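Here's the structure we're looking at; comments come further down.
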Amino acid sequence: MMSSRPETPVNATGAHRAHRDTRKRVAPRPAPRTTPPARYEPCLDGLFTYCLSVLCDHDAATAALGDVLHLAERRGSRGPEADGELRAWLYALARWVCLRRLAEAKRNR
């Protein structure tokens with residue numbers, strides 16, 4: 001009896017294995033912090049409200065606030081020390097992140 005299936009397997013090139021191996025080599029992202037540093041705590045409500053007013057979407061504002069905190073943490077000790085300067089700097093970061101997200105959304109439309 002003859003089969004309609006070809007003699008050689010469909011995946012004979014090994015491309016499916018190469019793709020799977022590539023996925024294994026990608027370094028996993030570190031787990032996000034569950035709580036922001038205490039020095040940013042007094043500004044969080046205002047920063048979220050600002051991001052929400054600019055982006056008009058709760059999930060986008062949450063993600064933008066996460067980006068702001070991530071950028072602030074990357075700066076570490078090079079950021080401003082005084083509370084007033086820290087607040088102004090965080091709002092400037094929030095403005096930049098929100099405007100960048102709006103520009104990306106406009107570009108994708």
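Residue names in the structure tokens use chain letters A, B, ... in the order shown, residue numbers from 1 in each chain, and ligand numbers from 1 in the order shown.
For Val54 in chain A, the residues within 10 Å (counting only C-alpha atoms, excluding itself and residues fewer than 5 positions away along the chain) are Phe48, Thr49, Ala60, Ala61, Ala94, Arg95, Cys98, Leu99 and Leu102 of chain A.
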* If we count only C-alpha atoms, what is near range 71-76 of chain A at a cut-off of 10 Å, once residues fewer than 2 positions away on the same chain are taken out, given as a ChimeraX atom specification? -> /A:36-37,40,65-69,78-80,86,89-90,93-94,97
Selection above as a file: N, CA and C atoms, as a PDB file, in the first residue's frame:
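In the end it all went to part_15.pdb:
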```pdb
ATOM      1  N   PRO A  36       8.718  50.311  45.166  1.00  0.00           N
ATOM      2  CA  PRO A  36       9.694  51.327  44.777  1.00  0.00           C
ATOM      3  C   PRO A  36      10.533  51.747  45.973  1.00  0.00           C
ATOM      4  N   PRO A  37      11.689  52.322  45.726  1.00  0.00           N
ATOM      5  CA  PRO A  37      12.521  52.807  46.832  1.00  0.00           C
ATOM      6  C   PRO A  37      11.780  53.854  47.663  1.00  0.00           C
ATOM      7  N   TYR A  40      11.323  57.680  46.720  1.00  0.00           N
ATOM      8  CA  TYR A  40      10.373  58.099  45.682  1.00  0.00           C
ATOM      9  C   TYR A  40       8.933  58.054  46.171  1.00  0.00           C
ATOM     10  N   LEU A  65       5.006  54.984  34.583  1.00  0.00           N
ATOM     11  CA  LEU A  65       5.544  55.204  35.927  1.00  0.00           C
ATOM     12  C   LEU A  65       6.636  54.183  36.232  1.00  0.00           C
ATOM     13  N   GLY A  66       6.443  52.950  35.805  1.00  0.00           N
ATOM     14  CA  GLY A  66       7.478  51.935  35.964  1.00  0.00           C
ATOM     15  C   GLY A  66       8.750  52.318  35.237  1.00  0.00           C
ATOM     16  N   ASP A  67       8.598  52.876  34.018  1.00  0.00           N
ATOM     17  CA  ASP A  67       9.773  53.327  33.267  1.00  0.00           C
ATOM     18  C   ASP A  67      10.484  54.471  33.984  1.00  0.00           C
ATOM     19  N   VAL A  68       9.705  55.384  34.539  1.00  0.00           N
ATOM     20  CA  VAL A  68      10.290  56.517  35.273  1.00  0.00           C
ATOM     21  C   VAL A  68      11.115  56.009  36.455  1.00  0.00           C
ATOM     22  N   LEU A  69      10.553  55.097  37.214  1.00  0.00           N
ATOM     23  CA  LEU A  69      11.270  54.569  38.378  1.00  0.00           C
ATOM     24  C   LEU A  69      12.498  53.771  37.959  1.00  0.00           C
ATOM     25  N   ARG A  78      23.866  59.412  41.004  1.00  0.00           N
ATOM     26  CA  ARG A  78      24.101  60.585  40.154  1.00  0.00           C
ATOM     27  C   ARG A  78      22.879  61.483  40.059  1.00  0.00           C
ATOM     28  N   GLY A  79      21.743  61.023  40.582  1.00  0.00           N
ATOM     29  CA  GLY A  79      20.528  61.837  40.575  1.00  0.00           C
ATOM     30  C   GLY A  79      20.587  62.916  41.638  1.00  0.00           C
ATOM     31  N   PRO A  80      19.620  63.807  41.634  1.00  0.00           N
ATOM     32  CA  PRO A  80      19.604  64.889  42.632  1.00  0.00           C
ATOM     33  C   PRO A  80      19.382  64.355  44.038  1.00  0.00           C
ATOM     34  N   LEU A  86      14.728  66.422  43.551  1.00  0.00           N
ATOM     35  CA  LEU A  86      14.348  65.058  43.195  1.00  0.00           C
ATOM     36  C   LEU A  86      12.942  65.036  42.606  1.00  0.00           C
ATOM     37  N   TRP A  89      12.982  66.564  39.145  1.00  0.00           N
ATOM     38  CA  TRP A  89      13.665  65.657  38.227  1.00  0.00           C
ATOM     39  C   TRP A  89      12.775  64.472  37.859  1.00  0.00           C
ATOM     40  N   LEU A  90      12.065  63.916  38.831  1.00  0.00           N
ATOM     41  CA  LEU A  90      11.152  62.807  38.555  1.00  0.00           C
ATOM     42  C   LEU A  90      10.023  63.236  37.627  1.00  0.00           C
ATOM     43  N   LEU A  93      11.412  63.430  34.159  1.00  0.00           N
ATOM     44  CA  LEU A  93      11.511  62.076  33.601  1.00  0.00           C
ATOM     45  C   LEU A  93      10.134  61.574  33.157  1.00  0.00           C
ATOM     46  N   ALA A  94       9.119  61.825  33.984  1.00  0.00           N
ATOM     47  CA  ALA A  94       7.765  61.385  33.647  1.00  0.00           C
ATOM     48  C   ALA A  94       7.278  62.073  32.376  1.00  0.00           C
ATOM     49  N   VAL A  97       9.094  60.430  29.409  1.00  0.00           N
ATOM     50  CA  VAL A  97       8.591  59.076  29.130  1.00  0.00           C
ATOM     51  C   VAL A  97       7.217  59.149  28.467  1.00  0.00           C
TER      52      VAL A  97
END
```
